[in-house]
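Chemist: A single structure is presented below for examination.
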Amino acid sequence: MNAEQLPPSWLFPPVQPQGPRTAVTDRAPTLTADATEEACDCGFLRGIIEGTSAPVIILDTHLRYLYVNPAWSQATGVPATAFVGRKFGEVLPEVQVPDDVLIEVLADGRSREVTLTTDLDPAPGGRRLWRAVVHRLESHGQVIGVCAIGVEVSNLRQYMDDLEDAHQRLALLDAATVRVGTTLDMATTCGELADFLAPSLADVAAVAIIDDEPQDGPPLRPGVLRLRKMQLAAPPELKWHLRELSGPGPYVDFPRGSLVRRCMDSGRPWRGNMASDELFRKLVAEPDHVKVIRAAGIHSVLVAPLRTTGRSVGVVILMRAGDSAPFTDDDMLTAQGVAGRAAVSIDSARRYTHDHTMTLELQRALLSEPDSVNSSVEVATRYLPSGRSALVGGDWYDSIALPCDRTLLVMGDVMGHGFKAAVAMSQYRSVLRTVATSCLPVDAILAEADRRAARLGLDRVATCLLVLVDPETDTCTAATAGHLPPVLVRPDGDAKVLSLPAGPPIGTELGDYEVTTFSFGPGDVLLLYTDGLVEQRGVDIDDGMRALTEMGLSADGPLEQLLDTLLTQLTNGRFEDDIALLAARRRA
């Protein structure tokens, strides 16, 4: 039976004429019985159904086709005559139809919505989908089947899928912002980047950066770019295969014209899905490495330059192996976004490392000079840079031998951190050494140093503590320019913080300092320190000072051991600022 054989009395049932319509605000023409019957004739309704772009199908109570309109025939590519009398799965086995829903509609007569999916004539990017409403058909009180009227929603579904992909990409970028660049250590940052990308975006992630001052390795050939290998993240089985790619040294060289070099020069990523051996040879540093890549089952590669404003600082190479899908356009955009954000962190870490190293070398050069003390005083010193959130730079100590067997002990701290603070520290230290040779009292030394530092135009002030040890009188005379007071440890273990009149930091030209004299006999130990020892985040500095006096320090053992005890018990290896320590003991 085809559509022409179906009786109009049930396929397109006539609508019974109704009485004249009474309008409230306007009047509509009244259809006569003949006009109504003509409008509801089979040919009129057939024209509407067969002219619409929405698929319309009619199934009998056994879910066999009774009718399909041209829209469904065109969508499936199957002529209408091939449907009639056959079940859904017999004609289109690849179309997924929820038969249980159709049966429920037949049973209770309540209309329902269903989704049809098919691989026929797939839309770009995925399968075609229709959303249909299913109604029960009755004739003279007898159920004769169901009718489904659908509309294609493939584009809407694709839009929703694209939107979900965009959300996932943004979520990945946000996660990278939190997880990559948590410190100012370059190696840690590169490790965080590789560990984040594998496995979130690839099976293998390798990070390498440009080393401006390589310390080892063979001389560079002309046109070759040398990168320092920083991190390789991959499952153990892939790492085992790829161990030969990295080679024994810390560097890998890429000649001009290689894929990695071109990506870094242009700042654009490169993707090679299901790459051939020829493409892999352009990627690797050595031709034999292609066999290693093949043995690992790697089939797709994505190269993303680590690029900051105007220059590349390195590169990240992503690989997929085995059953992993090739890289998509979204993957390339995501990798480029993550690499761009990571490049800023890596470049900041590299500049920090450079400044940190220079500053530390300057400090060590200044503080490594032999302590100048008289035979009556034993001195031990310690300097520890924080190496974490802040640059080193401002702390210093000194000991200066003066006439009459006297020794001037110095502890200072320049405001701020970094290379400029280290330079200012060296200038303050030189000023104090020069003024100290005049044999002035300690308050006068601070006042003169304050005046000279202000005239030098130093843009950073400094706190400073001076203690003059005089063995002839068994006393010390101290004055402070805004610095923390010293701690005196007696041979019996008694320790106390000495109270000193506060004075303004040097470099302000406000010099007005007072001295305090206290006994300092044989066996006594004096501790000078900077605030990094007692000032910790979340801990009141007074509590830190109290802990310093209550930890049971011994004045009898080696001074180096005393300093180790201080650092172990007060910081436990964790400190947020530089620490400078000086311990001095009167010899008998």
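If you're wondering about the labels, chains in the structure tokens are A, B, ... by order shown, residues count from 1 in each chain, ligands from 1 in order shown.
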Considering only C-alpha atoms, return as a ChimeraX atom specification whatever protein or nucleic-acid residues lie within 12 Å of region 398-402 of chain A, sequence-local ones (same chain, fewer than 6 positions apart) excluded.

Modeler: /A:366-383,408-413,425-426,428-430,432-441,464-471,528-529,580-584

Chemist: Can you tell me which residues surround Thr508 (chain A) at a distance of at most 12 Å, considering only C-alpha atoms, apart from same-chain residues fewer than 3 positions away, and format the answer as an NGL selection string?

Modeler: :A and (446-463 or 481-482 or 503-505 or 511-512)

Chemist: Given the selection you just returned, output its residues as a file containing N, CA and C atoms, formatted as an mmCIF file, in the first residue's frame.

Modeler:
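The result, written out as again_25.cif:
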data_model
loop_
_atom_site.group_PDB
_atom_site.id
_atom_site.type_symbol
_atom_site.label_atom_id
_atom_site.label_comp_id
_atom_site.auth_asym_id
_atom_site.auth_seq_id
_atom_site.Cartn_x
_atom_site.Cartn_y
_atom_site.Cartn_z
ATOM 1 N N LEU A 446 77.394 56.334 64.041
ATOM 2 C CA LEU A 446 76.096 56.234 63.366
ATOM 3 C C LEU A 446 75.660 57.587 62.813
ATOM 4 N N ALA A 447 75.869 58.655 63.582
ATOM 5 C CA ALA A 447 75.452 59.979 63.128
ATOM 6 C C ALA A 447 76.219 60.409 61.891
ATOM 7 N N GLU A 448 77.537 60.150 61.884
ATOM 8 C CA GLU A 448 78.341 60.532 60.722
ATOM 9 C C GLU A 448 77.990 59.671 59.513
ATOM 10 N N ALA A 449 77.758 58.361 59.738
ATOM 11 C CA ALA A 449 77.374 57.489 58.629
ATOM 12 C C ALA A 449 76.014 57.920 58.062
ATOM 13 N N ASP A 450 75.124 58.337 58.926
ATOM 14 C CA ASP A 450 73.810 58.812 58.489
ATOM 15 C C ASP A 450 73.962 60.045 57.606
ATOM 16 N N ARG A 451 74.818 60.967 58.044
ATOM 17 C CA ARG A 451 75.018 62.210 57.283
ATOM 18 C C ARG A 451 75.642 61.912 55.920
ATOM 19 N N ARG A 452 76.669 61.075 55.901
ATOM 20 C CA ARG A 452 77.348 60.791 54.632
ATOM 21 C C ARG A 452 76.435 60.015 53.673
ATOM 22 N N ALA A 453 75.674 59.050 54.198
ATOM 23 C CA ALA A 453 74.780 58.274 53.329
ATOM 24 C C ALA A 453 73.713 59.169 52.710
ATOM 25 N N ALA A 454 73.199 60.125 53.487
ATOM 26 C CA ALA A 454 72.193 61.041 52.952
ATOM 27 C C ALA A 454 72.781 61.907 51.856
ATOM 28 N N ARG A 455 74.020 62.336 52.031
ATOM 29 C CA ARG A 455 74.656 63.182 51.015
ATOM 30 C C ARG A 455 75.002 62.393 49.755
ATOM 31 N N LEU A 456 75.204 61.075 49.902
ATOM 32 C CA LEU A 456 75.443 60.241 48.716
ATOM 33 C C LEU A 456 74.189 60.111 47.856
ATOM 34 N N GLY A 457 73.036 60.424 48.435
ATOM 35 C CA GLY A 457 71.788 60.352 47.683
ATOM 36 C C GLY A 457 71.264 58.943 47.509
ATOM 37 N N LEU A 458 71.586 58.058 48.448
ATOM 38 C CA LEU A 458 71.078 56.693 48.357
ATOM 39 C C LEU A 458 69.554 56.702 48.488
ATOM 40 N N ASP A 459 68.890 55.959 47.606
ATOM 41 C CA ASP A 459 67.427 55.988 47.591
ATOM 42 C C ASP A 459 66.808 54.978 48.557
ATOM 43 N N ARG A 460 67.629 54.310 49.353
ATOM 44 C CA ARG A 460 67.125 53.338 50.318
ATOM 45 C C ARG A 460 67.784 53.583 51.666
ATOM 46 N N VAL A 461 66.968 53.627 52.705
ATOM 47 C CA VAL A 461 67.535 53.769 54.043
ATOM 48 C C VAL A 461 67.888 52.393 54.574
ATOM 49 N N ALA A 462 68.625 52.367 55.697
ATOM 50 C CA ALA A 462 69.060 51.100 56.277
ATOM 51 C C ALA A 462 68.997 51.180 57.796
ATOM 52 N N THR A 463 68.599 50.065 58.392
ATOM 53 C CA THR A 463 68.725 49.943 59.838
ATOM 54 C C THR A 463 70.122 49.411 60.147
ATOM 55 N N ALA A 481 70.314 52.095 65.083
ATOM 56 C CA ALA A 481 69.615 52.980 64.142
ATOM 57 C C ALA A 481 68.424 52.210 63.598
ATOM 58 N N GLY A 482 67.432 52.009 64.462
ATOM 59 C CA GLY A 482 66.203 51.334 64.055
ATOM 60 C C GLY A 482 66.318 49.839 63.898
ATOM 61 N N GLY A 503 66.754 54.687 67.552
ATOM 62 C CA GLY A 503 67.211 55.823 66.755
ATOM 63 C C GLY A 503 66.733 55.663 65.328
ATOM 64 N N PRO A 504 66.724 56.739 64.537
ATOM 65 C CA PRO A 504 66.232 56.659 63.165
ATOM 66 C C PRO A 504 67.200 55.874 62.271
ATOM 67 N N PRO A 505 66.705 55.237 61.210
ATOM 68 C CA PRO A 505 67.594 54.541 60.272
ATOM 69 C C PRO A 505 68.614 55.503 59.684
ATOM 70 N N GLY A 511 69.966 61.874 62.244
ATOM 71 C CA GLY A 511 70.785 61.220 63.249
ATOM 72 C C GLY A 511 70.687 61.798 64.644
ATOM 73 N N ASP A 512 70.164 61.016 65.569
ATOM 74 C CA ASP A 512 70.103 61.369 66.979
ATOM 75 C C ASP A 512 70.114 60.051 67.741
#

Chemist: Enumerate as a list in words all residues of region 172-243 of chain A assigned to strand (DSSP E) by DSSP on the backbone, naming them with the chain letters and numbers the document uses.

Modeler: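 Listing strand (DSSP E) positions across region 172-243 of chain A yields Val204, Ala205, Ala206, Val207, Ala208, Ile209, Ile210, Val224, Leu225, Arg226, Leu227, Arg228, Lys229, Met230, Gln231, Leu232 and Ala233 of chain A.
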
Chemist: I'd like the interatomic distance between CA of Arg307 (chain A) and CA of Ala343 (chain A), to a tenth of an Å.

Modeler: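 Those two atoms sit 5.6 Å apart.
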
Chemist: Each residue of region 188-224 of chain A lying at most 12 Å from region 334-338 of chain A should get a row with its shortest atom-to-atom pair and the distance in Å to one decimal, counting only C-alpha atoms; could you produce that, ordered by chain and increasing number, as JSON lines?

Modeler:
{"residue": "A:Glu192", "atom": "CA", "partner": "A:Val338", "partner_atom": "CA", "distance": 11.6}
{"residue": "A:Leu193", "atom": "CA", "partner": "A:Val338", "partner_atom": "CA", "distance": 8.4}
{"residue": "A:Ala194", "atom": "CA", "partner": "A:Val338", "partner_atom": "CA", "distance": 10.7}
{"residue": "A:Phe196", "atom": "CA", "partner": "A:Val338", "partner_atom": "CA", "distance": 9.6}
{"residue": "A:Leu197", "atom": "CA", "partner": "A:Ala335", "partner_atom": "CA", "distance": 8.2}
{"residue": "A:Ala198", "atom": "CA", "partner": "A:Ala335", "partner_atom": "CA", "distance": 11.3}
{"residue": "A:Ser200", "atom": "CA", "partner": "A:Ala335", "partner_atom": "CA", "distance": 10.4}
{"residue": "A:Leu201", "atom": "CA", "partner": "A:Ala335", "partner_atom": "CA", "distance": 7.7}
{"residue": "A:Ala202", "atom": "CA", "partner": "A:Ala335", "partner_atom": "CA", "distance": 9.7}
{"residue": "A:Ala205", "atom": "CA", "partner": "A:Ala335", "partner_atom": "CA", "distance": 10.8}

Chemist: With distances taken over only C-alpha atoms, which residue among A:Ile144, A:Pro55, A:Gly77, A:Ile209 lies nearest Arg131 (chain A)?

Modeler: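 Of A:Ile144, A:Pro55, A:Gly77, A:Ile209, the one nearest Arg131 (chain A), counting only C-alpha atoms, is A:Pro55.
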
Chemist: Could you check how far CA of Leu318 (chain A) sits from CA of Asp203 (chain A), in Å to one decimal?

Modeler: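 Spanning CA of Leu318 (chain A) to CA of Asp203 (chain A) is a straight-line distance of 7.4 Å.
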
Chemist: CA of Gly181 (chain A) and CA of Met230 (chain A) are how many Å apart?

Modeler: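 Separation of CA of Gly181 (chain A) and CA of Met230 (chain A): 14.4 Å.
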
Chemist: Determine, counting only C-alpha atoms, which protein, DNA and RNA residues have an atom within 12 Å of an atom of Ala187 (chain A); residues of the same chain fewer than 5 positions away are not included. Present the result as a PDB file with N, CA, C and O atoms, in the first residue's frame.

Modeler:
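Just written: part.pdb:
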ATOM      1  N   VAL A 180      50.511  26.476  36.960  1.00  0.00           N
ATOM      2  CA  VAL A 180      51.809  26.723  36.314  1.00  0.00           C
ATOM      3  C   VAL A 180      52.311  28.103  36.727  1.00  0.00           C
ATOM      4  O   VAL A 180      51.592  29.091  36.594  1.00  0.00           O
ATOM      5  N   GLY A 181      53.546  28.164  37.211  1.00  0.00           N
ATOM      6  CA  GLY A 181      54.125  29.437  37.622  1.00  0.00           C
ATOM      7  C   GLY A 181      53.851  29.780  39.062  1.00  0.00           C
ATOM      8  O   GLY A 181      53.697  30.954  39.401  1.00  0.00           O
ATOM      9  N   THR A 182      53.809  28.767  39.926  1.00  0.00           N
ATOM     10  CA  THR A 182      53.523  29.014  41.340  1.00  0.00           C
ATOM     11  C   THR A 182      54.736  29.537  42.088  1.00  0.00           C
ATOM     12  O   THR A 182      54.594  30.024  43.214  1.00  0.00           O
ATOM     13  N   GLU A 192      56.110  22.179  36.156  1.00  0.00           N
ATOM     14  CA  GLU A 192      54.661  22.341  36.313  1.00  0.00           C
ATOM     15  C   GLU A 192      53.963  22.377  34.957  1.00  0.00           C
ATOM     16  O   GLU A 192      52.878  21.801  34.795  1.00  0.00           O
ATOM     17  N   LEU A 193      54.588  23.026  33.974  1.00  0.00           N
ATOM     18  CA  LEU A 193      53.989  23.102  32.641  1.00  0.00           C
ATOM     19  C   LEU A 193      53.901  21.723  32.006  1.00  0.00           C
ATOM     20  O   LEU A 193      52.850  21.335  31.470  1.00  0.00           O
ATOM     21  N   ALA A 194      54.994  20.973  32.035  1.00  0.00           N
ATOM     22  CA  ALA A 194      54.996  19.641  31.420  1.00  0.00           C
ATOM     23  C   ALA A 194      54.017  18.709  32.120  1.00  0.00           C
ATOM     24  O   ALA A 194      53.247  17.990  31.478  1.00  0.00           O
ATOM     25  N   VAL A 207      59.503  20.098  27.594  1.00  0.00           N
ATOM     26  CA  VAL A 207      59.735  21.544  27.657  1.00  0.00           C
ATOM     27  C   VAL A 207      61.232  21.801  27.569  1.00  0.00           C
ATOM     28  O   VAL A 207      62.022  21.156  28.266  1.00  0.00           O
ATOM     29  N   ALA A 208      61.608  22.729  26.711  1.00  0.00           N
ATOM     30  CA  ALA A 208      63.004  23.150  26.583  1.00  0.00           C
ATOM     31  C   ALA A 208      63.030  24.666  26.455  1.00  0.00           C
ATOM     32  O   ALA A 208      62.112  25.262  25.885  1.00  0.00           O
ATOM     33  N   ILE A 209      64.077  25.293  26.979  1.00  0.00           N
ATOM     34  CA  ILE A 209      64.168  26.749  26.952  1.00  0.00           C
ATOM     35  C   ILE A 209      65.515  27.179  26.391  1.00  0.00           C
ATOM     36  O   ILE A 209      66.488  26.403  26.384  1.00  0.00           O
ATOM     37  N   ARG A 228      68.033  24.215  26.352  1.00  0.00           N
ATOM     38  CA  ARG A 228      68.275  23.397  27.541  1.00  0.00           C
ATOM     39  C   ARG A 228      67.038  22.550  27.819  1.00  0.00           C
ATOM     40  O   ARG A 228      65.931  23.078  27.931  1.00  0.00           O
ATOM     41  N   LYS A 229      67.235  21.256  27.939  1.00  0.00           N
ATOM     42  CA  LYS A 229      66.133  20.345  28.263  1.00  0.00           C
ATOM     43  C   LYS A 229      65.742  20.535  29.724  1.00  0.00           C
ATOM     44  O   LYS A 229      66.568  20.397  30.612  1.00  0.00           O
ATOM     45  N   MET A 230      64.451  20.833  29.941  1.00  0.00           N
ATOM     46  CA  MET A 230      63.999  21.141  31.288  1.00  0.00           C
ATOM     47  C   MET A 230      63.139  20.049  31.903  1.00  0.00           C
ATOM     48  O   MET A 230      63.311  19.703  33.062  1.00  0.00           O
ATOM     49  N   GLN A 231      62.191  19.503  31.135  1.00  0.00           N
ATOM     50  CA  GLN A 231      61.275  18.532  31.730  1.00  0.00           C
ATOM     51  C   GLN A 231      60.643  17.674  30.650  1.00  0.00           C
ATOM     52  O   GLN A 231      60.291  18.158  29.570  1.00  0.00           O
ATOM     53  N   LEU A 232      60.485  16.378  30.950  1.00  0.00           N
ATOM     54  CA  LEU A 232      59.762  15.444  30.094  1.00  0.00           C
ATOM     55  C   LEU A 232      58.722  14.752  30.958  1.00  0.00           C
ATOM     56  O   LEU A 232      59.060  14.090  31.941  1.00  0.00           O
ATOM     57  N   SER A 345      55.495  33.300  32.778  1.00  0.00           N
ATOM     58  CA  SER A 345      56.015  32.833  34.065  1.00  0.00           C
ATOM     59  C   SER A 345      57.459  32.374  33.938  1.00  0.00           C
ATOM     60  O   SER A 345      58.291  32.647  34.813  1.00  0.00           O
ATOM     61  N   ILE A 346      57.770  31.656  32.859  1.00  0.00           N
ATOM     62  CA  ILE A 346      59.135  31.169  32.662  1.00  0.00           C
ATOM     63  C   ILE A 346      60.104  32.325  32.464  1.00  0.00           C
ATOM     64  O   ILE A 346      61.211  32.340  33.013  1.00  0.00           O
ATOM     65  N   ASP A 347      59.683  33.323  31.677  1.00  0.00           N
ATOM     66  CA  ASP A 347      60.558  34.474  31.456  1.00  0.00           C
ATOM     67  C   ASP A 347      60.770  35.248  32.753  1.00  0.00           C
ATOM     68  O   ASP A 347      61.885  35.699  33.041  1.00  0.00           O
ATOM     69  N   ALA A 349      60.633  33.952  35.763  1.00  0.00           N
ATOM     70  CA  ALA A 349      61.502  33.111  36.595  1.00  0.00           C
ATOM     71  C   ALA A 349      62.947  33.195  36.139  1.00  0.00           C
ATOM     72  O   ALA A 349      63.869  33.222  36.951  1.00  0.00           O
ATOM     73  N   ARG A 350      63.148  33.264  34.823  1.00  0.00           N
ATOM     74  CA  ARG A 350      64.519  33.344  34.312  1.00  0.00           C
ATOM     75  C   ARG A 350      65.167  34.674  34.702  1.00  0.00           C
ATOM     76  O   ARG A 350      66.321  34.722  35.142  1.00  0.00           O
ATOM     77  N   THR A 353      65.911  34.527  38.332  1.00  0.00           N
ATOM     78  CA  THR A 353      67.089  33.695  38.603  1.00  0.00           C
ATOM     79  C   THR A 353      68.370  34.448  38.282  1.00  0.00           C
ATOM     80  O   THR A 353      69.355  34.387  39.020  1.00  0.00           O
TER      81      THR A 353
END
